[in-house]
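Peer 1: File model-v1.cif follows (mmCIF, C-alpha atoms and all ligand atoms):
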```cif
data_model
loop_
_atom_site.group_PDB
_atom_site.id
_atom_site.type_symbol
_atom_site.label_atom_id
_atom_site.label_comp_id
_atom_site.auth_asym_id
_atom_site.auth_seq_id
_atom_site.Cartn_x
_atom_site.Cartn_y
_atom_site.Cartn_z
ATOM 1 C CA MET A 1 -9.832 10.444 28.182
ATOM 2 C CA SER A 2 -10.531 10.743 24.495
ATOM 3 C CA LYS A 3 -12.234 7.900 22.691
ATOM 4 C CA GLN A 4 -9.973 5.519 20.804
ATOM 5 C CA LEU A 5 -9.560 6.106 17.086
ATOM 6 C CA PRO A 6 -11.505 3.729 14.806
ATOM 7 C CA ASN A 7 -8.414 3.026 12.685
ATOM 8 C CA LEU A 8 -5.021 1.440 13.240
ATOM 9 C CA LEU A 9 -2.375 3.863 11.936
ATOM 10 C CA GLY A 10 0.557 2.462 9.989
ATOM 11 C CA VAL A 11 3.671 3.870 8.370
ATOM 12 C CA HIS A 12 5.478 2.704 5.236
ATOM 13 C CA ALA A 13 9.003 1.390 5.859
ATOM 14 C CA LEU A 14 10.443 3.765 3.230
ATOM 15 C CA VAL A 15 9.931 6.613 5.695
ATOM 16 C CA TRP A 16 12.731 4.950 7.685
ATOM 17 C CA VAL A 17 14.963 2.748 5.576
ATOM 18 C CA GLY A 18 15.789 1.878 1.965
ATOM 19 C CA GLY A 19 16.382 -1.848 2.528
ATOM 20 C CA TRP A 20 15.612 -4.646 4.978
ATOM 21 C CA SER A 21 18.920 -5.830 6.422
ATOM 22 C CA LYS A 22 18.836 -6.750 10.125
ATOM 23 C CA PRO A 23 19.949 -3.264 11.286
ATOM 24 C CA GLU A 24 17.495 -1.617 8.865
ATOM 25 C CA CYS A 25 14.635 -3.776 10.134
ATOM 26 C CA GLU A 26 15.569 -2.882 13.749
ATOM 27 C CA GLU A 27 15.722 0.829 12.967
ATOM 28 C CA ALA A 28 12.447 0.861 11.029
ATOM 29 C CA VAL A 29 10.397 -1.034 13.612
ATOM 30 C CA LYS A 30 11.922 0.900 16.527
ATOM 31 C CA ASN A 31 11.136 4.230 14.852
ATOM 32 C CA THR A 32 7.596 3.059 14.037
ATOM 33 C CA ALA A 33 6.996 2.352 17.731
ATOM 34 C CA GLU A 34 8.721 5.512 18.960
ATOM 35 C CA THR A 35 6.702 7.788 16.679
ATOM 36 C CA GLY A 36 3.383 6.320 17.832
ATOM 37 C CA TYR A 37 2.342 4.089 14.920
ATOM 38 C CA GLY A 38 0.956 0.583 15.443
ATOM 39 C CA LEU A 39 1.844 -1.024 12.107
ATOM 40 C CA ILE A 40 4.702 -1.010 9.634
ATOM 41 C CA GLU A 41 4.133 -1.709 5.946
ATOM 42 C CA ILE A 42 7.067 -3.704 4.642
ATOM 43 C CA PRO A 43 7.828 -3.621 0.904
ATOM 44 C CA ALA A 44 8.057 -7.209 -0.371
ATOM 45 C CA LEU A 45 9.252 -6.559 -3.922
ATOM 46 C CA ASP A 46 11.825 -9.301 -3.372
ATOM 47 C CA PRO A 47 10.019 -11.503 -0.814
ATOM 48 C CA LYS A 48 12.843 -14.050 -0.523
ATOM 49 C CA SER A 49 15.245 -11.356 0.739
ATOM 50 C CA ILE A 50 13.181 -10.809 3.906
ATOM 51 C CA ASP A 51 14.630 -12.545 6.956
ATOM 52 C CA VAL A 52 11.329 -13.732 8.418
ATOM 53 C CA PRO A 53 12.429 -15.090 11.842
ATOM 54 C CA HIS A 54 14.475 -11.944 12.559
ATOM 55 C CA THR A 55 11.704 -9.598 11.406
ATOM 56 C CA LEU A 56 9.164 -11.492 13.480
ATOM 57 C CA SER A 57 11.284 -11.223 16.632
ATOM 58 C CA VAL A 58 11.793 -7.464 16.138
ATOM 59 C CA LEU A 59 8.057 -6.901 15.530
ATOM 60 C CA LYS A 60 7.224 -8.819 18.705
ATOM 61 C CA ASN A 61 9.858 -6.945 20.674
ATOM 62 C CA TYR A 62 8.294 -3.574 19.824
ATOM 63 C CA ASN A 63 4.691 -4.847 19.704
ATOM 64 C CA ILE A 64 4.236 -3.613 16.126
ATOM 65 C CA LYS A 65 1.923 -5.235 13.542
ATOM 66 C CA SER A 66 2.926 -5.674 9.909
ATOM 67 C CA ALA A 67 1.433 -5.567 6.442
ATOM 68 C CA CYS A 68 3.266 -6.257 3.182
ATOM 69 C CA SER A 69 2.973 -4.495 -0.149
ATOM 70 C CA LEU A 70 4.608 -4.797 -3.496
ATOM 71 C CA GLY A 71 4.481 -3.930 -7.146
ATOM 72 C CA LEU A 72 5.448 -6.580 -9.687
ATOM 73 C CA SER A 73 8.221 -6.044 -12.240
ATOM 74 C CA PHE A 74 7.923 -6.184 -16.035
ATOM 75 C CA ASP A 75 9.795 -9.517 -16.196
ATOM 76 C CA ALA A 76 7.458 -11.084 -13.582
ATOM 77 C CA ASP A 77 4.057 -9.628 -14.404
ATOM 78 C CA ILE A 78 0.657 -11.355 -14.228
ATOM 79 C CA ASN A 79 -0.753 -8.556 -16.445
ATOM 80 C CA ASN A 80 0.989 -9.927 -19.545
ATOM 81 C CA GLU A 81 0.181 -12.191 -22.497
ATOM 82 C CA ASP A 82 3.301 -14.331 -22.083
ATOM 83 C CA SER A 83 2.633 -17.370 -19.879
ATOM 84 C CA GLU A 84 6.238 -17.529 -18.621
ATOM 85 C CA ILE A 85 6.204 -13.881 -17.501
ATOM 86 C CA VAL A 86 2.820 -14.464 -15.836
ATOM 87 C CA ALA A 87 4.129 -17.589 -14.067
ATOM 88 C CA ARG A 88 7.097 -15.641 -12.684
ATOM 89 C CA GLY A 89 4.748 -12.939 -11.405
ATOM 90 C CA GLU A 90 2.453 -15.486 -9.807
ATOM 91 C CA LYS A 91 5.427 -17.196 -8.144
ATOM 92 C CA ARG A 92 6.551 -13.886 -6.655
ATOM 93 C CA LEU A 93 3.060 -13.144 -5.332
ATOM 94 C CA ASN A 94 2.920 -16.555 -3.695
ATOM 95 C CA GLU A 95 6.323 -15.945 -2.092
ATOM 96 C CA ALA A 96 5.048 -12.606 -0.750
ATOM 97 C CA LEU A 97 1.941 -14.339 0.589
ATOM 98 C CA ASP A 98 4.177 -16.835 2.405
ATOM 99 C CA VAL A 99 6.077 -13.928 4.014
ATOM 100 C CA VAL A 100 2.846 -12.241 5.183
ATOM 101 C CA SER A 101 1.653 -15.514 6.648
ATOM 102 C CA ALA A 102 4.975 -16.273 8.398
ATOM 103 C CA LEU A 103 5.028 -12.755 9.894
ATOM 104 C CA GLY A 104 1.563 -13.322 11.362
ATOM 105 C CA GLY A 105 0.124 -10.602 9.126
ATOM 106 C CA ASN A 106 -3.262 -10.612 7.460
ATOM 107 C CA TYR A 107 -2.728 -8.204 4.561
ATOM 108 C CA LEU A 108 -0.943 -8.189 1.207
ATOM 109 C CA GLY A 109 -1.640 -5.192 -0.990
ATOM 110 C CA GLY A 110 -0.380 -2.718 -3.542
ATOM 111 C CA VAL A 111 0.173 -3.181 -7.255
ATOM 112 C CA ILE A 112 -0.114 -6.953 -6.953
ATOM 113 C CA TYR A 113 -2.106 -7.035 -10.217
ATOM 114 C CA SER A 114 0.533 -5.684 -12.604
ATOM 115 C CA ALA A 115 4.060 -4.390 -12.931
ATOM 116 C CA LEU A 116 4.735 -1.136 -11.125
ATOM 117 C CA GLY A 117 5.809 1.247 -13.852
ATOM 118 C CA LYS A 118 4.891 3.037 -17.048
ATOM 119 C CA TYR A 119 3.371 0.746 -19.688
ATOM 120 C CA LYS A 120 3.581 1.790 -23.333
ATOM 121 C CA LEU A 121 0.170 0.345 -24.284
ATOM 122 C CA PRO A 122 -3.199 -0.348 -22.645
ATOM 123 C CA PRO A 123 -3.638 -3.939 -21.363
ATOM 124 C CA SER A 124 -4.867 -6.538 -23.878
ATOM 125 C CA GLN A 125 -7.878 -8.699 -23.024
ATOM 126 C CA LYS A 126 -5.575 -11.715 -22.701
ATOM 127 C CA ALA A 127 -3.314 -9.873 -20.228
ATOM 128 C CA ILE A 128 -6.322 -8.820 -18.137
ATOM 129 C CA ASP A 129 -7.650 -12.391 -18.141
ATOM 130 C CA ASN A 130 -4.243 -13.681 -17.062
ATOM 131 C CA ALA A 131 -4.149 -11.170 -14.185
ATOM 132 C CA VAL A 132 -7.659 -12.142 -13.044
ATOM 133 C CA GLY A 133 -6.767 -15.843 -13.211
ATOM 134 C CA ALA A 134 -3.580 -15.452 -11.186
ATOM 135 C CA LEU A 135 -5.262 -13.203 -8.606
ATOM 136 C CA THR A 136 -8.123 -15.667 -8.219
ATOM 137 C CA ARG A 137 -5.707 -18.522 -7.480
ATOM 138 C CA LEU A 138 -3.744 -16.282 -5.081
ATOM 139 C CA ALA A 139 -6.904 -15.147 -3.299
ATOM 140 C CA LYS A 140 -8.039 -18.742 -2.778
ATOM 141 C CA ARG A 141 -4.689 -19.565 -1.169
ATOM 142 C CA ALA A 142 -4.792 -16.348 0.862
ATOM 143 C CA LYS A 143 -8.260 -17.182 2.145
ATOM 144 C CA THR A 144 -7.115 -20.465 3.664
ATOM 145 C CA ASN A 145 -4.437 -18.465 5.535
ATOM 146 C CA GLY A 146 -6.852 -15.733 6.689
ATOM 147 C CA ILE A 147 -5.133 -13.132 4.515
ATOM 148 C CA THR A 148 -6.814 -10.278 2.660
ATOM 149 C CA LEU A 149 -5.516 -9.069 -0.709
ATOM 150 C CA GLY A 150 -5.760 -5.369 -1.564
ATOM 151 C CA LEU A 151 -5.766 -4.003 -5.102
ATOM 152 C CA GLU A 152 -4.370 -0.462 -5.031
ATOM 153 C CA PRO A 153 -5.369 1.753 -7.958
ATOM 154 C CA VAL A 154 -2.337 3.813 -8.935
ATOM 155 C CA ASN A 155 -1.806 6.647 -11.379
ATOM 156 C CA ARG A 156 -1.418 6.007 -15.111
ATOM 157 C CA TYR A 157 2.384 6.269 -14.971
ATOM 158 C CA GLU A 158 2.624 3.356 -12.526
ATOM 159 C CA SER A 159 0.230 0.816 -14.106
ATOM 160 C CA ASN A 160 -2.076 0.492 -17.121
ATOM 161 C CA LEU A 161 -4.577 -1.883 -15.480
ATOM 162 C CA ILE A 162 -6.148 -0.287 -12.378
ATOM 163 C CA ASN A 163 -6.032 3.512 -12.120
ATOM 164 C CA THR A 164 -9.392 4.099 -10.396
ATOM 165 C CA ALA A 165 -11.629 2.591 -7.710
ATOM 166 C CA ASP A 166 -14.178 1.653 -10.408
ATOM 167 C CA GLN A 167 -11.581 -0.425 -12.243
ATOM 168 C CA ALA A 168 -10.548 -2.149 -8.998
ATOM 169 C CA LEU A 169 -14.182 -2.996 -8.201
ATOM 170 C CA GLU A 170 -14.615 -4.442 -11.688
ATOM 171 C CA ILE A 171 -11.610 -6.768 -11.316
ATOM 172 C CA ILE A 172 -12.727 -7.784 -7.796
ATOM 173 C CA LYS A 173 -16.166 -8.634 -9.172
ATOM 174 C CA ARG A 174 -14.553 -10.953 -11.699
ATOM 175 C CA ILE A 175 -12.441 -12.623 -8.986
ATOM 176 C CA GLY A 176 -15.600 -13.086 -6.898
ATOM 177 C CA LEU A 177 -13.947 -13.694 -3.517
ATOM 178 C CA ASP A 178 -14.639 -11.621 -0.407
ATOM 179 C CA ASN A 179 -11.018 -11.513 0.783
ATOM 180 C CA VAL A 180 -10.057 -9.227 -2.118
ATOM 181 C CA VAL A 181 -10.580 -5.556 -1.292
ATOM 182 C CA VAL A 182 -9.921 -2.104 -2.727
ATOM 183 C CA HIS A 183 -6.878 -0.324 -1.341
ATOM 184 C CA LEU A 184 -7.295 3.398 -1.968
ATOM 185 C CA ASP A 185 -4.354 5.821 -1.934
ATOM 186 C CA VAL A 186 -5.273 9.494 -1.810
ATOM 187 C CA TYR A 187 -2.102 10.512 -3.658
ATOM 188 C CA HIS A 188 -3.197 8.463 -6.696
ATOM 189 C CA MET A 189 -6.865 9.430 -6.285
ATOM 190 C CA ASN A 190 -5.827 13.075 -6.467
ATOM 191 C CA ILE A 191 -4.425 12.374 -9.945
ATOM 192 C CA GLU A 192 -7.025 9.994 -11.428
ATOM 193 C CA GLU A 193 -10.411 10.314 -9.677
ATOM 194 C CA GLN A 194 -13.135 12.934 -10.236
ATOM 195 C CA ASP A 195 -13.173 13.692 -6.514
ATOM 196 C CA LEU A 196 -12.068 12.099 -3.243
ATOM 197 C CA ALA A 197 -15.356 11.290 -1.487
ATOM 198 C CA GLY A 198 -17.216 9.617 -4.392
ATOM 199 C CA PRO A 199 -14.891 6.625 -4.895
ATOM 200 C CA ILE A 200 -14.728 5.961 -1.128
ATOM 201 C CA LYS A 201 -18.526 5.862 -0.920
ATOM 202 C CA LYS A 202 -18.738 3.685 -4.021
ATOM 203 C CA CYS A 203 -16.333 1.143 -2.473
ATOM 204 C CA GLY A 204 -18.182 1.133 0.849
ATOM 205 C CA LYS A 205 -17.544 -2.155 2.654
ATOM 206 C CA GLN A 206 -15.232 -3.269 -0.148
ATOM 207 C CA LEU A 207 -12.685 -0.664 0.912
ATOM 208 C CA GLY A 208 -10.181 -2.619 2.976
ATOM 209 C CA TYR A 209 -7.032 -0.539 3.369
ATOM 210 C CA VAL A 210 -5.999 3.076 2.865
ATOM 211 C CA HIS A 211 -2.798 4.932 2.017
ATOM 212 C CA VAL A 212 -2.497 8.558 3.007
ATOM 213 C CA GLY A 213 0.080 10.779 1.368
ATOM 214 C CA ALA A 214 0.492 14.385 0.341
ATOM 215 C CA SER A 215 0.072 15.453 -3.300
ATOM 216 C CA HIS A 216 3.895 15.598 -3.622
ATOM 217 C CA ARG A 217 4.426 12.620 -1.283
ATOM 218 C CA GLY A 218 6.040 14.892 1.301
ATOM 219 C CA PRO A 219 4.884 15.675 4.866
ATOM 220 C CA LEU A 220 1.152 15.827 5.675
ATOM 221 C CA GLY A 221 -0.116 19.320 6.283
ATOM 222 C CA THR A 222 1.547 20.509 3.079
ATOM 223 C CA GLY A 223 0.399 19.922 -0.505
ATOM 224 C CA ASN A 224 -2.991 20.481 -2.129
ATOM 225 C CA ILE A 225 -5.206 17.516 -1.109
ATOM 226 C CA ASP A 226 -8.599 18.170 0.531
ATOM 227 C CA PHE A 227 -8.113 15.858 3.525
ATOM 228 C CA ASP A 228 -11.340 16.989 5.221
ATOM 229 C CA SER A 229 -13.306 15.588 2.291
ATOM 230 C CA PHE A 230 -11.222 12.388 2.275
ATOM 231 C CA PHE A 231 -11.422 11.613 6.003
ATOM 232 C CA GLY A 232 -15.045 12.782 6.081
ATOM 233 C CA ALA A 233 -15.986 10.153 3.490
ATOM 234 C CA LEU A 234 -14.046 7.429 5.366
ATOM 235 C CA ALA A 235 -16.025 8.282 8.503
ATOM 236 C CA GLN A 236 -19.289 8.287 6.541
ATOM 237 C CA ILE A 237 -18.814 4.719 5.293
ATOM 238 C CA GLY A 238 -17.707 3.614 8.772
ATOM 239 C CA PHE A 239 -14.219 2.623 7.628
ATOM 240 C CA THR A 240 -12.403 0.846 10.468
ATOM 241 C CA GLY A 241 -9.467 -0.591 8.513
ATOM 242 C CA THR A 242 -5.793 0.328 8.599
ATOM 243 C CA ILE A 243 -4.680 3.768 7.428
ATOM 244 C CA THR A 244 -1.015 3.826 6.468
ATOM 245 C CA PHE A 245 1.053 6.939 5.923
ATOM 246 C CA GLU A 246 3.295 6.934 2.861
ATOM 247 C CA SER A 247 5.943 9.548 2.248
ATOM 248 C CA PHE A 248 9.058 9.385 0.170
ATOM 249 C CA SER A 249 12.119 11.603 0.003
ATOM 250 C CA SER A 250 15.512 11.299 -1.635
ATOM 251 C CA ALA A 251 16.797 11.203 1.960
ATOM 252 C CA VAL A 252 15.873 7.460 2.055
ATOM 253 C CA VAL A 253 16.532 5.488 -1.113
ATOM 254 C CA HIS A 254 15.346 1.981 -2.056
ATOM 255 C CA PRO A 255 17.392 0.570 -4.960
ATOM 256 C CA ASP A 256 14.309 -0.140 -7.159
ATOM 257 C CA LEU A 257 11.235 1.421 -5.610
ATOM 258 C CA SER A 258 12.541 4.991 -5.291
ATOM 259 C CA SER A 259 13.365 5.321 -8.977
ATOM 260 C CA THR A 260 10.148 3.562 -10.089
ATOM 261 C CA LEU A 261 8.123 6.052 -8.030
ATOM 262 C CA GLY A 262 10.190 9.001 -9.273
ATOM 263 C CA ILE A 263 11.512 10.084 -5.896
ATOM 264 C CA TRP A 264 14.005 12.656 -7.136
ATOM 265 C CA ARG A 265 13.553 15.457 -4.622
ATOM 266 C CA ASN A 266 14.385 15.908 -0.991
ATOM 267 C CA LEU A 267 11.021 16.644 0.671
ATOM 268 C CA TRP A 268 12.227 16.044 4.227
ATOM 269 C CA THR A 269 15.379 15.080 6.073
ATOM 270 C CA ASP A 270 14.197 14.584 9.655
ATOM 271 C CA ASN A 271 11.979 11.522 9.183
ATOM 272 C CA LYS A 272 11.107 11.113 12.875
ATOM 273 C CA SER A 273 9.685 14.578 13.440
ATOM 274 C CA MET A 274 7.971 14.396 10.022
ATOM 275 C CA ALA A 275 6.366 11.029 10.931
ATOM 276 C CA ILE A 276 5.145 12.368 14.272
ATOM 277 C CA SER A 277 3.624 15.546 12.828
ATOM 278 C CA SER A 278 2.006 13.550 9.997
ATOM 279 C CA ARG A 279 0.504 11.061 12.483
ATOM 280 C CA GLU A 280 -0.865 13.938 14.549
ATOM 281 C CA TYR A 281 -2.302 15.471 11.381
ATOM 282 C CA MET A 282 -4.126 12.224 10.512
ATOM 283 C CA GLU A 283 -5.389 11.767 14.063
ATOM 284 C CA GLN A 284 -6.777 15.279 14.098
ATOM 285 C CA LYS A 285 -8.561 14.776 10.774
ATOM 286 C CA ILE A 286 -10.000 11.402 11.909
ATOM 287 C CA LYS A 287 -11.202 12.881 15.205
ATOM 288 C CA THR A 288 -12.837 15.824 13.432
ATOM 289 C CA ALA A 289 -14.530 13.532 10.897
ATOM 290 C CA HIS A 290 -15.875 11.231 13.644
ATOM 291 C CA LYS A 291 -16.666 14.122 15.998
ATOM 292 C CA ILE A 292 -14.506 12.472 18.695
HETATM 293 MN MN MN Q 1 0.213 3.796 -2.002
#
```
What does this structure look like when you write it as structure tokens?
Peer 2:
Amino acid sequence: MSKQLPNLLGVHALVWVGGWSKPECEEAVKNTAETGYGLIEIPALDPKSIDVPHTLSVLKNYNIKSACSLGLSFDADINNEDSEIVARGEKRLNEALDVVSALGGNYLGGVIYSALGKYKLPPSQKAIDNAVGALTRLAKRAKTNGITLGLEPVNRYESNLINTADQALEIIKRIGLDNVVVHLDVYHMNIEEQDLAGPIKKCGKQLGYVHVGASHRGPLGTGNIDFDSFFGALAQIGFTGTITFESFSSAVVHPDLSSTLGIWRNLWTDNKSMAISSREYMEQKIKTAHKI
């Protein structure tokens, strides 16, 4: 028997469904279990729309764990100078935290530090200070609930505040709480970082969660990313956190998220076979990196 993998493997809900109605939740969690993943990442852009008791029962039924992620919107953005816009963003983050807690999860990540989208200017000092203040209050609340917050650096077209691991580490240093971690996504790293291994090693124990995706966000095993270097560095730092597969195609459309991420092309149609082959691809890379 082969040794167990050091990482829990997750899959983003957008591989399965564009919304979170009861039938969509059923389908997404069922497919997650049937394709061999242990966790589903649920987008919580509109936390109040998630039917928590129903979701919880479906997760239990299929023995699947959950994490939540979101990006804020420009009208509810903690990375802003306007106190009302910041307050709306902070309220939404707290609602998302409540959902994570009620679902028995321990992770809230993504672009929780700014709006998800193209800014027209760099952030002002006041906007950065507002984001740090709101995240600090959120992290204190999260800590009492045993929840970790992950700041995911994304490419320049999706935020102006954190595009690299260095920038995430700087904000985390200002927050000064150990339940705030870096959430690296290789798709964004491939756009913004100098290389893939360096930022992982720099984060070290502060790396808490990982997104894996192809350079075009299609199936793994295609695209131009050097996954041997990426998984090799994760093994080197002894990363034992969750690794979640993200892939998006015009075959599954979320009313807001798909257009914000620019998902215009059809990169796959058969999501189940694509999810299985991508999981096998990750497992193979992890095994090679750990010499399992
Ligand atoms: Mn991501």
Peer 1: Please extract the residues at most 12 Å from ligand MN 1 (chain Q), counting only C-alpha atoms and all ligand atoms, and provide them as a ChimeraX atom specification, using the chain letters and residue numbers of this document.
Peer 2: /A:11-12,14,41,43,68-71,109-112,116,150-155,158,163,182-190,209-215,217,243-248,257,261
Peer 1: At what distance in Å, to one decimal, does atom CA of A:Leu196 lie from atom CA of A:Phe230?
Peer 2: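 That distance, rounded to one decimal, is 5.6 Å.
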Peer 1: Selected by the PyMOL selection byres (((chain A and resi 21) around 10) and not hetatm) in the shown coordinates: which residues, as a PyMOL selection string?
Peer 2: chain A and resi 17-20+22-27+49-51+54-55
Peer 1: Could you produce a table of the residues of stretch 7-118 of chain A lying within 7 Å of stretch 131-146 of chain A, with the nearest pair of atoms per residue and their separation in Å rounded to one decimal, using all atoms listed in the file, ordered by chain and increasing residue number, as a Markdown table?
Peer 2:
```
| residue | atom | partner | partner_atom | distance |
| --- | --- | --- | --- | --- |
| A:Ile78 | CA | A:Ala131 | CA | 4.8 |
| A:Asn79 | CA | A:Ala131 | CA | 4.8 |
| A:Glu90 | CA | A:Ala134 | CA | 6.2 |
| A:Asn94 | CA | A:Leu138 | CA | 6.8 |
| A:Ser101 | CA | A:Asn145 | CA | 6.9 |
| A:Asn106 | CA | A:Gly146 | CA | 6.3 |
| A:Tyr113 | CA | A:Ala131 | CA | 6.1 |
```
Peer 1: Atom CA of A:Leu267 and atom CA of A:Pro255 are how many Å apart?
Peer 2: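 Distance between the two atoms: 18.2 Å.
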Peer 1: If the PyMOL selection byres (((chain A and resi 271) around 12) and not hetatm) were run on this exact file, what residues would it hold? Put them as a short mmCIF file (atom, residue, chain, number, x, y, z; two decimals) with C-alpha atoms, keeping the file's coordinate frame.
Peer 2:
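Saved to out07.cif:
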```cif
data_model
loop_
_atom_site.label_atom_id
_atom_site.label_comp_id
_atom_site.auth_asym_id
_atom_site.auth_seq_id
_atom_site.Cartn_x
_atom_site.Cartn_y
_atom_site.Cartn_z
CA VAL A 11 3.67 3.87 8.37
CA HIS A 12 5.48 2.70 5.24
CA ALA A 13 9.00 1.39 5.86
CA LEU A 14 10.44 3.76 3.23
CA VAL A 15 9.93 6.61 5.70
CA TRP A 16 12.73 4.95 7.68
CA VAL A 17 14.96 2.75 5.58
CA GLU A 27 15.72 0.83 12.97
CA ALA A 28 12.45 0.86 11.03
CA ASN A 31 11.14 4.23 14.85
CA THR A 32 7.60 3.06 14.04
CA GLU A 34 8.72 5.51 18.96
CA THR A 35 6.70 7.79 16.68
CA GLY A 218 6.04 14.89 1.30
CA PRO A 219 4.88 15.68 4.87
CA GLU A 246 3.30 6.93 2.86
CA SER A 247 5.94 9.55 2.25
CA PHE A 248 9.06 9.38 0.17
CA SER A 249 12.12 11.60 0.00
CA SER A 250 15.51 11.30 -1.64
CA ALA A 251 16.80 11.20 1.96
CA VAL A 252 15.87 7.46 2.06
CA ASN A 266 14.38 15.91 -0.99
CA LEU A 267 11.02 16.64 0.67
CA TRP A 268 12.23 16.04 4.23
CA THR A 269 15.38 15.08 6.07
CA ASP A 270 14.20 14.58 9.65
CA LYS A 272 11.11 11.11 12.88
CA SER A 273 9.68 14.58 13.44
CA MET A 274 7.97 14.40 10.02
CA ALA A 275 6.37 11.03 10.93
CA ILE A 276 5.14 12.37 14.27
CA SER A 277 3.62 15.55 12.83
CA SER A 278 2.01 13.55 10.00
CA ARG A 279 0.50 11.06 12.48
#
```
Peer 1: Which protein, DNA or RNA residues are at most 12 Å from (2.3, -14.2, -18.7) in the file's coordinates when you count only C-alpha atoms, listed as a ChimeraX atom specification?
Peer 2: /A:73-91,113-115,124,126-134
Peer 1: For a cut-off of 12 Å around (1.8, 0.3, 17.7), file coordinates, pick out all residues using only C-alpha atoms and list them as a list in words.
Peer 2: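 Neighbouring residues, ordered by chain and number, come to Asn7, Leu8, Leu9, Gly10, Val11, Val29, Lys30, Asn31, Thr32, Ala33, Glu34, Thr35, Gly36, Tyr37, Gly38, Leu39, Ile40, Leu59, Lys60, Asn61, Tyr62, Asn63, Ile64, Lys65, Ser66 and Thr242 of chain A.
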Peer 1: Quick one: distance from atom CA of A:Leu161 to atom CA of A:Ile263 in Å, one decimal?
Peer 2: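 Between atom CA of A:Leu161 and atom CA of A:Ile263 the gap is 22.2 Å.
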